Amino acid sequence: MAENNNNNNKDGEYENYCYMCKRSEKDAGPFIDLPGGMHICRECMQKSFDSFSNLNFLDLSKMPNINMSQFMPFGDIPESQKVKKKKKKEDKPEEEKKLSIKDIPAPHKIKAMLDEYVVGQEYAKKVMSVAVYNHYKRVLSDGADDIEIEKSNMLMLGPTGCGKTYLVKTIAKLLDVPLAITDATTLTEAGYIGDDVESILSKLLAVAGNDVEKAETGIVFIDEIDKIAKKKETRSRDVSGESVQQGLLKIIEGAEIDVPVGAGSKNAMTPIVTMDTKNILFICGGAFPDLDEIIKRRLNKQSSMGFNADLKDKYDNEKDIFKEATTEDLREFGMIPEFIGRLPMMFSLTALDKDMYIRILKEPKNAILKQYQKLLALDEVKLEFDDSAYEAIAEEAMKRETGARALRSIIEKFMLDIMYEIPRDDSIGSVVITGDYIAGKGSPVIKLRGMD
């Protein structure tokens, strides 16, 4: 058994952990090696000796109840729960290039890269480009002087489908850093059914291949953050609202956190590793329904009587009302001030209009229509869309009021028959989608091969 365990960790790539307290050797100190590839820290070993020294061997009823199932040999540990050791400077290969401040793209370059994938949202892209640039400059700075730069965690406000998650995914892909996307609706207070707040870091660690050093410079995006607002007029314990915000405070601000490896909550069978969150960039996003009413109510209170007074319905048709949001509005919504204070970069994304829907269909590198054109090109069929088709798709998407997500469901519906029929007829050379076909009033224009 011991030989099997040594083979599984023969290069010392993974961290060993105490089989009683689940702490790593870095946190618990040197281990005592036992037969079977097991390891116990000195503190737990001493506690074991103390318990046996106080034991009355004549009274077997006082024997301690030891759960032997928790002593799992290293070779039996799932790969997802093995934690890689932090590499020392001398252990790193010489050819490995270390990221430096000069390698970080300037804000205008980051925005230019985002422009290739994300349509509109100019202000949001500008804010994110500057915040991410400053964050990684802070991470890579040597910190030789006494000036300590604080983190630029972000809070994004915007209606559903406006591109919050897509923006974060794109920027993490461009910078090639680990990104963990989690949903705040699954988080609960410690001790209740659901995920503990530390599960956010568990996901980031898994994305980084259980490399703690790599995970500590990643990005965490917490979506649906508005769902953990304080519950109003409730007499039951708020285990998924204010208590979750309180639990996130220390993690977001930056601290050393004990993180369960490969699990959503801590338990006796799960290894624990310590992560420092001071260099992890946290981005929170949410649709914040009914926040617009809070903003309008506050703005209308500022109106006065007389000829210069604002009309009470002045902001009813304002599409970008979230840009007027303040921390006071978020507090009234149910976010605690300590939580808001740890997200200094607050900005809003605008709702999509008809022109933006059309641009989303045409401009991005991986636009959904370009994906279908590529699929049909593999069958040597050219797929085209006329202007009326773009207009019809955009109008249908606006009716559904679910943002850019509506585009795929609309296109999947009318492309189903085309994708089914095209491969069975080799004579088809091109297909033109029209607005009448989108509206269900006609058929696509099909041209045979060799026809102009």
# chains A, B, ... in the order shown; residues from 1 in each chain; ligands from 1
call {"tool": "residues_around", "arguments": {"residues": "Asp27 of chain A", "least_positions_apart": "4", "cutoff": "9 Å", "atoms": "only C-alpha atoms", "output": "PyMOL selection string"}}
result
chain A and resi 23+273-274
call {"tool": "closest_atom_pairs", "arguments": {"of": "segment 168-236 of chain A", "to": "segment 328-347 of chain A", "cutoff": "10 Å", "atoms": "only C-alpha atoms", "output": "tab-separated table"}}
result
residue	atom	partner	partner_atom	distance
A:Ile225	CA	A:Met335	CA	9.4
A:Asp226	CA	A:Met335	CA	7.9
A:Lys227	CA	A:Gly334	CA	9.5
A:Ile228	CA	A:Met335	CA	7.8
A:Ala229	CA	A:Gly334	CA	4.5
A:Lys230	CA	A:Gly334	CA	4.5
A:Lys231	CA	A:Gly334	CA	7.1
A:Lys232	CA	A:Gly334	CA	7.9
call {"tool": "residues_around", "arguments": {"residues": "Asp425 of chain A", "least_positions_apart": "6", "cutoff": "12 Å", "atoms": "only C-alpha atoms", "output": "MDAnalysis selection string"}}
result
chainID A and resid 379:381 418:419 446:449
call {"tool": "write_last_selection", "arguments": {"atoms": "N, CA, C and O atoms", "output": "PDB file, in the first residue's frame"}}
result
ATOM      1  N   ASP A 379     -20.739  21.854 -45.553  1.00  0.00           N
ATOM      2  CA  ASP A 379     -21.516  21.108 -46.552  1.00  0.00           C
ATOM      3  C   ASP A 379     -21.457  21.776 -47.916  1.00  0.00           C
ATOM      4  O   ASP A 379     -22.242  21.421 -48.817  1.00  0.00           O
ATOM      5  N   GLU A 380     -20.546  22.772 -48.053  1.00  0.00           N
ATOM      6  CA  GLU A 380     -20.367  23.520 -49.304  1.00  0.00           C
ATOM      7  C   GLU A 380     -21.639  24.244 -49.713  1.00  0.00           C
ATOM      8  O   GLU A 380     -22.001  24.298 -50.883  1.00  0.00           O
ATOM      9  N   VAL A 381     -22.336  24.791 -48.718  1.00  0.00           N
ATOM     10  CA  VAL A 381     -23.549  25.569 -48.958  1.00  0.00           C
ATOM     11  C   VAL A 381     -23.340  26.955 -48.360  1.00  0.00           C
ATOM     12  O   VAL A 381     -22.879  27.088 -47.220  1.00  0.00           O
ATOM     13  N   ILE A 418     -33.867  23.957 -42.066  1.00  0.00           N
ATOM     14  CA  ILE A 418     -32.784  24.145 -43.040  1.00  0.00           C
ATOM     15  C   ILE A 418     -31.637  23.177 -42.748  1.00  0.00           C
ATOM     16  O   ILE A 418     -31.122  22.508 -43.642  1.00  0.00           O
ATOM     17  N   MET A 419     -31.239  23.081 -41.490  1.00  0.00           N
ATOM     18  CA  MET A 419     -30.145  22.174 -41.127  1.00  0.00           C
ATOM     19  C   MET A 419     -30.517  20.716 -41.347  1.00  0.00           C
ATOM     20  O   MET A 419     -29.654  19.858 -41.548  1.00  0.00           O
ATOM     21  N   ILE A 446     -33.787  29.420 -52.127  1.00  0.00           N
ATOM     22  CA  ILE A 446     -32.785  28.376 -52.336  1.00  0.00           C
ATOM     23  C   ILE A 446     -32.273  28.456 -53.769  1.00  0.00           C
ATOM     24  O   ILE A 446     -33.049  28.506 -54.722  1.00  0.00           O
ATOM     25  N   LYS A 447     -30.952  28.484 -53.908  1.00  0.00           N
ATOM     26  CA  LYS A 447     -30.322  28.517 -55.233  1.00  0.00           C
ATOM     27  C   LYS A 447     -29.519  27.251 -55.427  1.00  0.00           C
ATOM     28  O   LYS A 447     -28.787  26.819 -54.535  1.00  0.00           O
ATOM     29  N   LEU A 448     -29.660  26.657 -56.626  1.00  0.00           N
ATOM     30  CA  LEU A 448     -28.935  25.430 -56.935  1.00  0.00           C
ATOM     31  C   LEU A 448     -27.508  25.742 -57.354  1.00  0.00           C
ATOM     32  O   LEU A 448     -27.187  26.874 -57.732  1.00  0.00           O
ATOM     33  N   ARG A 449     -26.674  24.744 -57.292  1.00  0.00           N
ATOM     34  CA  ARG A 449     -25.283  24.932 -57.670  1.00  0.00           C
ATOM     35  C   ARG A 449     -25.175  25.284 -59.147  1.00  0.00           C
ATOM     36  O   ARG A 449     -25.896  24.737 -59.978  1.00  0.00           O
TER      37      ARG A 449
END
call {"tool": "atom_distance", "arguments": {"atom1": "atom CA of Ser409 of chain A", "atom2": "atom CA of Gly285 of chain A"}}
result
23.5 Å
call {"tool": "select_by_dssp", "arguments": {"residues": "segment 327-380 of chain A", "states": "strand (DSSP E or B)", "output": "list in words"}}
result
Met345, Met346, Phe347 and Ser348 of chain A
call {"tool": "select_by_dssp", "arguments": {"residues": "segment 96-250 of chain A", "states": "alpha helix (DSSP H)", "output": "ChimeraX atom specification"}}
result
/A:107-115,122-140,164-175,199-207,212-215,242-250
call {"tool": "atom_distance", "arguments": {"atom1": "atom CA of Leu155 of chain A", "atom2": "atom CA of Gly191 of chain A"}}
result
27.6 Å
call {"tool": "residues_around", "arguments": {"residues": "segment 128-139 of chain A", "least_positions_apart": "4", "cutoff": "9 Å", "atoms": "only C-alpha atoms", "output": "short mmCIF file (atom, residue, chain, number, x, y, z; two decimals) with all heavy atoms, in the first residue's frame"}}
result
data_model
loop_
_atom_site.label_atom_id
_atom_site.label_comp_id
_atom_site.auth_asym_id
_atom_site.auth_seq_id
_atom_site.Cartn_x
_atom_site.Cartn_y
_atom_site.Cartn_z
N SER A 100 5.03 39.65 -16.39
CA SER A 100 5.52 40.91 -15.83
C SER A 100 4.53 42.03 -16.16
O SER A 100 3.60 41.85 -16.94
CB SER A 100 6.90 41.24 -16.39
OG SER A 100 6.83 41.49 -17.78
N ILE A 101 4.78 43.18 -15.54
CA ILE A 101 3.89 44.33 -15.77
C ILE A 101 3.88 44.73 -17.24
O ILE A 101 2.86 45.17 -17.77
CB ILE A 101 4.33 45.51 -14.86
CG1 ILE A 101 4.14 45.14 -13.39
CG2 ILE A 101 3.55 46.77 -15.20
CD1 ILE A 101 4.55 46.22 -12.42
N ILE A 104 1.22 43.04 -19.48
CA ILE A 104 -0.21 43.32 -19.32
C ILE A 104 -0.64 44.32 -20.39
O ILE A 104 -0.05 45.40 -20.51
CB ILE A 104 -0.49 43.91 -17.92
CG1 ILE A 104 0.08 43.00 -16.83
CG2 ILE A 104 -1.98 44.10 -17.72
CD1 ILE A 104 -0.01 43.60 -15.45
N PRO A 105 -1.67 44.00 -21.18
CA PRO A 105 -2.12 44.95 -22.20
C PRO A 105 -2.63 46.24 -21.57
O PRO A 105 -3.24 46.21 -20.50
CB PRO A 105 -3.25 44.20 -22.92
CG PRO A 105 -3.09 42.77 -22.54
CD PRO A 105 -2.45 42.75 -21.21
N ALA A 106 -2.36 47.34 -22.23
CA ALA A 106 -2.86 48.64 -21.75
C ALA A 106 -4.38 48.66 -21.84
O ALA A 106 -4.98 47.89 -22.60
CB ALA A 106 -2.25 49.76 -22.59
N PRO A 107 -5.04 49.54 -21.08
CA PRO A 107 -6.51 49.57 -21.09
C PRO A 107 -7.11 49.72 -22.48
O PRO A 107 -8.11 49.06 -22.79
CB PRO A 107 -6.83 50.77 -20.20
CG PRO A 107 -5.69 50.87 -19.26
CD PRO A 107 -4.48 50.45 -20.04
N HIS A 108 -6.51 50.57 -23.33
CA HIS A 108 -7.10 50.76 -24.66
C HIS A 108 -6.97 49.49 -25.51
O HIS A 108 -7.80 49.22 -26.37
CB HIS A 108 -6.45 51.96 -25.37
CG HIS A 108 -5.03 51.75 -25.77
ND1 HIS A 108 -3.97 51.87 -24.89
CD2 HIS A 108 -4.48 51.40 -26.97
CE1 HIS A 108 -2.83 51.62 -25.52
NE2 HIS A 108 -3.11 51.34 -26.78
N LYS A 109 -5.92 48.71 -25.25
CA LYS A 109 -5.76 47.45 -25.98
C LYS A 109 -6.75 46.39 -25.48
O LYS A 109 -7.30 45.62 -26.27
CB LYS A 109 -4.34 46.94 -25.85
CG LYS A 109 -3.30 47.82 -26.55
CD LYS A 109 -1.90 47.22 -26.42
CE LYS A 109 -0.87 48.09 -27.14
NZ LYS A 109 0.51 47.54 -27.00
N ILE A 110 -6.97 46.38 -24.16
CA ILE A 110 -7.97 45.44 -23.61
C ILE A 110 -9.35 45.76 -24.16
O ILE A 110 -10.09 44.87 -24.58
CB ILE A 110 -7.97 45.52 -22.07
CG1 ILE A 110 -6.62 45.06 -21.51
CG2 ILE A 110 -9.09 44.65 -21.50
CD1 ILE A 110 -6.52 45.17 -20.00
N LYS A 111 -9.70 47.06 -24.22
CA LYS A 111 -11.00 47.45 -24.75
C LYS A 111 -11.11 47.11 -26.24
O LYS A 111 -12.17 46.67 -26.71
CB LYS A 111 -11.25 48.94 -24.54
CG LYS A 111 -12.63 49.38 -25.00
CD LYS A 111 -12.85 50.86 -24.79
CE LYS A 111 -14.22 51.26 -25.29
NZ LYS A 111 -14.42 50.99 -26.73
N LEU A 114 -11.94 43.57 -26.47
CA LEU A 114 -13.34 43.34 -26.10
C LEU A 114 -14.29 43.77 -27.21
O LEU A 114 -15.35 43.15 -27.41
CB LEU A 114 -13.67 44.10 -24.82
CG LEU A 114 -13.07 43.56 -23.52
CD1 LEU A 114 -13.37 44.52 -22.37
CD2 LEU A 114 -13.60 42.19 -23.21
N TYR A 123 -19.14 52.16 -22.06
CA TYR A 123 -18.69 52.62 -20.75
C TYR A 123 -18.27 51.44 -19.88
O TYR A 123 -17.25 51.49 -19.19
CB TYR A 123 -19.81 53.41 -20.06
CG TYR A 123 -19.44 53.92 -18.69
CD1 TYR A 123 -18.52 54.95 -18.53
CD2 TYR A 123 -19.99 53.34 -17.55
CE1 TYR A 123 -18.16 55.40 -17.27
CE2 TYR A 123 -19.64 53.79 -16.29
CZ TYR A 123 -18.73 54.82 -16.15
OH TYR A 123 -18.36 55.26 -14.91
N ALA A 124 -19.05 50.37 -19.92
CA ALA A 124 -18.72 49.19 -19.11
C ALA A 124 -17.40 48.59 -19.54
O ALA A 124 -16.58 48.18 -18.69
CB ALA A 124 -19.84 48.15 -19.23
N GLY A 143 5.99 45.84 -4.53
CA GLY A 143 5.60 46.30 -3.20
C GLY A 143 6.77 46.75 -2.35
O GLY A 143 6.78 46.59 -1.13
N GLU A 148 0.46 50.75 -0.38
CA GLU A 148 -0.23 49.50 -0.72
C GLU A 148 -1.49 49.83 -1.52
O GLU A 148 -2.35 50.59 -1.06
CB GLU A 148 -0.60 48.74 0.54
CG GLU A 148 -1.24 47.40 0.25
CD GLU A 148 -1.53 46.62 1.51
OE1 GLU A 148 -1.07 47.04 2.59
OE2 GLU A 148 -2.22 45.59 1.42
N ILE A 149 -1.56 49.29 -2.71
CA ILE A 149 -2.70 49.55 -3.60
C ILE A 149 -3.83 48.59 -3.25
O ILE A 149 -3.62 47.38 -3.14
CB ILE A 149 -2.29 49.37 -5.08
CG1 ILE A 149 -1.07 50.23 -5.40
CG2 ILE A 149 -3.45 49.72 -5.99
CD1 ILE A 149 -0.50 49.98 -6.77
N GLU A 150 -5.03 49.11 -3.08
CA GLU A 150 -6.18 48.27 -2.75
C GLU A 150 -6.80 47.67 -4.01
O GLU A 150 -6.60 48.16 -5.11
CB GLU A 150 -7.22 49.09 -1.98
CG GLU A 150 -6.74 49.57 -0.62
CD GLU A 150 -7.84 50.24 0.16
OE1 GLU A 150 -8.95 50.38 -0.39
OE2 GLU A 150 -7.59 50.63 1.32
N LYS A 151 -7.57 46.62 -3.78
CA LYS A 151 -8.21 45.92 -4.90
C LYS A 151 -9.33 46.74 -5.51
O LYS A 151 -9.98 47.53 -4.84
CB LYS A 151 -8.78 44.58 -4.43
CG LYS A 151 -7.74 43.50 -4.23
CD LYS A 151 -8.35 42.12 -4.32
CE LYS A 151 -9.39 41.88 -3.25
NZ LYS A 151 -9.93 40.50 -3.34
N SER A 152 -9.55 46.50 -6.81
CA SER A 152 -10.63 47.20 -7.54
C SER A 152 -11.73 46.20 -7.88
O SER A 152 -12.00 45.92 -9.06
CB SER A 152 -10.08 47.85 -8.82
OG SER A 152 -9.09 48.80 -8.52
N ASN A 153 -12.36 45.63 -6.86
CA ASN A 153 -13.48 44.73 -7.10
C ASN A 153 -14.63 45.50 -7.74
O ASN A 153 -14.80 46.69 -7.51
CB ASN A 153 -13.95 44.09 -5.79
CG ASN A 153 -12.89 43.19 -5.18
OD1 ASN A 153 -12.19 42.48 -5.89
ND2 ASN A 153 -12.76 43.23 -3.87
N MET A 154 -15.45 44.79 -8.55
CA MET A 154 -16.46 45.47 -9.36
C MET A 154 -17.87 44.96 -9.07
O MET A 154 -18.05 43.80 -8.71
CB MET A 154 -16.15 45.27 -10.85
CG MET A 154 -14.92 45.99 -11.33
SD MET A 154 -14.59 45.65 -13.08
CE MET A 154 -13.40 44.33 -12.93
N LEU A 167 -19.12 39.49 -20.81
CA LEU A 167 -17.99 40.42 -20.67
C LEU A 167 -16.89 39.82 -19.81
O LEU A 167 -15.70 39.87 -20.17
CB LEU A 167 -18.47 41.73 -20.06
CG LEU A 167 -18.74 42.92 -20.99
CD1 LEU A 167 -19.33 44.08 -20.20
CD2 LEU A 167 -17.48 43.34 -21.70
N VAL A 168 -17.28 39.23 -18.68
CA VAL A 168 -16.28 38.65 -17.77
C VAL A 168 -15.59 37.46 -18.42
O VAL A 168 -14.37 37.29 -18.33
CB VAL A 168 -16.95 38.25 -16.44
CG1 VAL A 168 -15.92 37.63 -15.51
CG2 VAL A 168 -17.59 39.45 -15.79
N ILE A 171 -13.04 38.72 -21.04
CA ILE A 171 -11.83 39.37 -20.52
C ILE A 171 -10.91 38.34 -19.87
O ILE A 171 -9.68 38.45 -19.95
CB ILE A 171 -12.21 40.51 -19.55
CG1 ILE A 171 -11.11 41.57 -19.53
CG2 ILE A 171 -12.48 40.01 -18.15
CD1 ILE A 171 -11.56 42.89 -18.96
N THR A 217 -4.34 34.27 -8.30
CA THR A 217 -4.29 35.44 -9.18
C THR A 217 -5.40 35.38 -10.23
O THR A 217 -5.29 35.98 -11.29
CB THR A 217 -2.92 35.54 -9.89
OG1 THR A 217 -2.69 34.34 -10.64
CG2 THR A 217 -1.81 35.74 -8.89
N LYS A 278 -6.19 37.99 -1.40
CA LYS A 278 -5.88 39.42 -1.58
C LYS A 278 -5.59 39.77 -3.03
O LYS A 278 -5.74 40.93 -3.44
CB LYS A 278 -4.70 39.82 -0.71
CG LYS A 278 -3.36 39.22 -1.12
CD LYS A 278 -2.24 39.71 -0.23
CE LYS A 278 -0.89 39.14 -0.68
NZ LYS A 278 0.22 39.62 0.18
N ASN A 279 -5.19 38.79 -3.87
CA ASN A 279 -4.89 39.07 -5.27
C ASN A 279 -5.92 38.49 -6.22
O ASN A 279 -5.70 38.41 -7.43
CB ASN A 279 -3.50 38.52 -5.63
CG ASN A 279 -2.39 39.32 -4.98
OD1 ASN A 279 -2.54 40.51 -4.71
ND2 ASN A 279 -1.27 38.67 -4.70
N ILE A 280 -7.05 38.05 -5.70
CA ILE A 280 -8.15 37.54 -6.54
C ILE A 280 -9.11 38.69 -6.83
O ILE A 280 -9.56 39.38 -5.92
CB ILE A 280 -8.88 36.38 -5.84
CG1 ILE A 280 -7.93 35.21 -5.61
CG2 ILE A 280 -10.07 35.92 -6.68
CD1 ILE A 280 -8.55 34.05 -4.85
N LEU A 281 -9.41 38.88 -8.09
CA LEU A 281 -10.34 39.95 -8.50
C LEU A 281 -11.76 39.42 -8.45
O LEU A 281 -12.09 38.43 -9.12
CB LEU A 281 -10.00 40.43 -9.91
CG LEU A 281 -10.89 41.53 -10.48
CD1 LEU A 281 -10.79 42.80 -9.66
CD2 LEU A 281 -10.54 41.83 -11.93
N MET A 345 -15.83 49.67 -7.56
CA MET A 345 -16.10 49.99 -8.96
C MET A 345 -17.53 49.56 -9.30
O MET A 345 -17.79 48.39 -9.59
CB MET A 345 -15.11 49.27 -9.87
CG MET A 345 -13.65 49.57 -9.58
SD MET A 345 -13.21 51.27 -9.97
CE MET A 345 -13.34 51.23 -11.75
#
call {"tool": "closest_residue", "arguments": {"among": "A:Val239, A:Ala184, A:Val177, A:Leu299", "to": "Glu224 of chain A", "atoms": "only C-alpha atoms"}}
result
A:Ala184
call {"tool": "atom_distance", "arguments": {"atom1": "atom CA of Glu198 of chain A", "atom2": "atom CA of Pro260 of chain A"}}
result
7.3 Å
call {"tool": "closest_residue", "arguments": {"among": "A:Ile257, A:Leu291, A:Glu189, A:Lys413", "to": "Glu242 of chain A", "atoms": "only C-alpha atoms"}}
result
A:Glu189
call {"tool": "residues_around", "arguments": {"residues": "Leu383 of chain A", "least_positions_apart": "6", "cutoff": "12 Å", "atoms": "only C-alpha atoms", "output": "PyMOL selection string"}}
result
chain A and resi 369-377+415+418-419+422+428-434+444-447
call {"tool": "closest_residue", "arguments": {"among": "A:Cys18, A:Val127, A:Ala287, A:Leu175", "to": "Thr402 of chain A", "atoms": "only C-alpha atoms"}}
result
A:Ala287
call {"tool": "residues_around", "arguments": {"residues": "Ala439 of chain A", "least_positions_apart": "6", "cutoff": "9 Å", "atoms": "only C-alpha atoms", "output": "ChimeraX atom specification"}}
result
/A:389,392-393,396
call {"tool": "closest_residue", "arguments": {"among": "A:Gly158, A:Lys214, A:Ser202, A:Asp33", "to": "Thr270 of chain A", "atoms": "only C-alpha atoms"}}
result
A:Ser202
call {"tool": "decode", "arguments": {"residues": "segment 374-438 of chain A", "atoms": "C-alpha atoms", "output": "PDB file, in the first residue's frame"}}
result
ATOM      1  CA  LYS A 374     -19.554  27.969 -40.977  1.00  0.00           C
ATOM      2  CA  LEU A 375     -21.634  24.840 -40.326  1.00  0.00           C
ATOM      3  CA  LEU A 376     -23.267  25.031 -43.762  1.00  0.00           C
ATOM      4  CA  ALA A 377     -19.950  25.914 -45.397  1.00  0.00           C
ATOM      5  CA  LEU A 378     -18.732  22.477 -44.323  1.00  0.00           C
ATOM      6  CA  ASP A 379     -21.516  21.108 -46.552  1.00  0.00           C
ATOM      7  CA  GLU A 380     -20.367  23.520 -49.304  1.00  0.00           C
ATOM      8  CA  VAL A 381     -23.549  25.569 -48.958  1.00  0.00           C
ATOM      9  CA  LYS A 382     -23.516  29.358 -48.665  1.00  0.00           C
ATOM     10  CA  LEU A 383     -25.853  30.863 -46.061  1.00  0.00           C
ATOM     11  CA  GLU A 384     -26.949  34.486 -46.454  1.00  0.00           C
ATOM     12  CA  PHE A 385     -29.316  36.836 -44.618  1.00  0.00           C
ATOM     13  CA  ASP A 386     -30.983  39.851 -46.145  1.00  0.00           C
ATOM     14  CA  ASP A 387     -31.666  43.068 -44.236  1.00  0.00           C
ATOM     15  CA  SER A 388     -35.298  42.177 -43.590  1.00  0.00           C
ATOM     16  CA  ALA A 389     -34.170  38.997 -41.815  1.00  0.00           C
ATOM     17  CA  TYR A 390     -31.980  40.957 -39.412  1.00  0.00           C
ATOM     18  CA  GLU A 391     -34.862  43.329 -38.703  1.00  0.00           C
ATOM     19  CA  ALA A 392     -37.319  40.487 -38.071  1.00  0.00           C
ATOM     20  CA  ILE A 393     -34.978  38.639 -35.708  1.00  0.00           C
ATOM     21  CA  ALA A 394     -34.261  41.819 -33.729  1.00  0.00           C
ATOM     22  CA  GLU A 395     -37.958  42.697 -33.420  1.00  0.00           C
ATOM     23  CA  GLU A 396     -38.793  39.192 -32.181  1.00  0.00           C
ATOM     24  CA  ALA A 397     -35.969  39.356 -29.623  1.00  0.00           C
ATOM     25  CA  MET A 398     -37.248  42.671 -28.278  1.00  0.00           C
ATOM     26  CA  LYS A 399     -40.702  41.154 -27.735  1.00  0.00           C
ATOM     27  CA  ARG A 400     -39.259  38.363 -25.573  1.00  0.00           C
ATOM     28  CA  GLU A 401     -37.442  40.821 -23.256  1.00  0.00           C
ATOM     29  CA  THR A 402     -34.747  38.289 -22.300  1.00  0.00           C
ATOM     30  CA  GLY A 403     -31.812  40.087 -23.871  1.00  0.00           C
ATOM     31  CA  ALA A 404     -29.258  38.513 -26.190  1.00  0.00           C
ATOM     32  CA  ARG A 405     -30.199  35.022 -24.990  1.00  0.00           C
ATOM     33  CA  ALA A 406     -33.382  35.295 -27.050  1.00  0.00           C
ATOM     34  CA  LEU A 407     -31.408  35.456 -30.297  1.00  0.00           C
ATOM     35  CA  ARG A 408     -30.181  31.863 -30.137  1.00  0.00           C
ATOM     36  CA  SER A 409     -33.625  30.406 -29.401  1.00  0.00           C
ATOM     37  CA  ILE A 410     -35.134  32.391 -32.300  1.00  0.00           C
ATOM     38  CA  ILE A 411     -32.426  31.347 -34.746  1.00  0.00           C
ATOM     39  CA  GLU A 412     -32.441  27.712 -33.614  1.00  0.00           C
ATOM     40  CA  LYS A 413     -36.159  27.550 -34.390  1.00  0.00           C
ATOM     41  CA  PHE A 414     -36.056  28.757 -38.002  1.00  0.00           C
ATOM     42  CA  MET A 415     -32.742  27.050 -38.782  1.00  0.00           C
ATOM     43  CA  LEU A 416     -33.992  23.611 -37.718  1.00  0.00           C
ATOM     44  CA  ASP A 417     -35.655  22.680 -41.015  1.00  0.00           C
ATOM     45  CA  ILE A 418     -32.784  24.145 -43.040  1.00  0.00           C
ATOM     46  CA  MET A 419     -30.145  22.174 -41.127  1.00  0.00           C
ATOM     47  CA  TYR A 420     -32.270  19.042 -41.532  1.00  0.00           C
ATOM     48  CA  GLU A 421     -32.988  19.337 -45.269  1.00  0.00           C
ATOM     49  CA  ILE A 422     -29.721  20.745 -46.663  1.00  0.00           C
ATOM     50  CA  PRO A 423     -27.484  17.664 -46.162  1.00  0.00           C
ATOM     51  CA  ARG A 424     -29.922  15.407 -48.040  1.00  0.00           C
ATOM     52  CA  ASP A 425     -29.761  17.459 -51.281  1.00  0.00           C
ATOM     53  CA  ASP A 426     -26.328  17.891 -52.889  1.00  0.00           C
ATOM     54  CA  SER A 427     -27.690  20.208 -55.575  1.00  0.00           C
ATOM     55  CA  ILE A 428     -28.298  23.136 -53.190  1.00  0.00           C
ATOM     56  CA  GLY A 429     -25.616  25.804 -53.527  1.00  0.00           C
ATOM     57  CA  SER A 430     -26.884  28.650 -51.321  1.00  0.00           C
ATOM     58  CA  VAL A 431     -29.734  29.601 -49.013  1.00  0.00           C
ATOM     59  CA  VAL A 432     -30.981  33.148 -48.417  1.00  0.00           C
ATOM     60  CA  ILE A 433     -32.994  33.791 -45.228  1.00  0.00           C
ATOM     61  CA  THR A 434     -35.635  36.504 -45.556  1.00  0.00           C
ATOM     62  CA  GLY A 435     -37.762  38.441 -43.119  1.00  0.00           C
ATOM     63  CA  ASP A 436     -40.922  36.718 -44.373  1.00  0.00           C
ATOM     64  CA  TYR A 437     -39.417  33.328 -43.507  1.00  0.00           C
ATOM     65  CA  ILE A 438     -38.602  34.531 -39.981  1.00  0.00           C
TER      66      ILE A 438
END
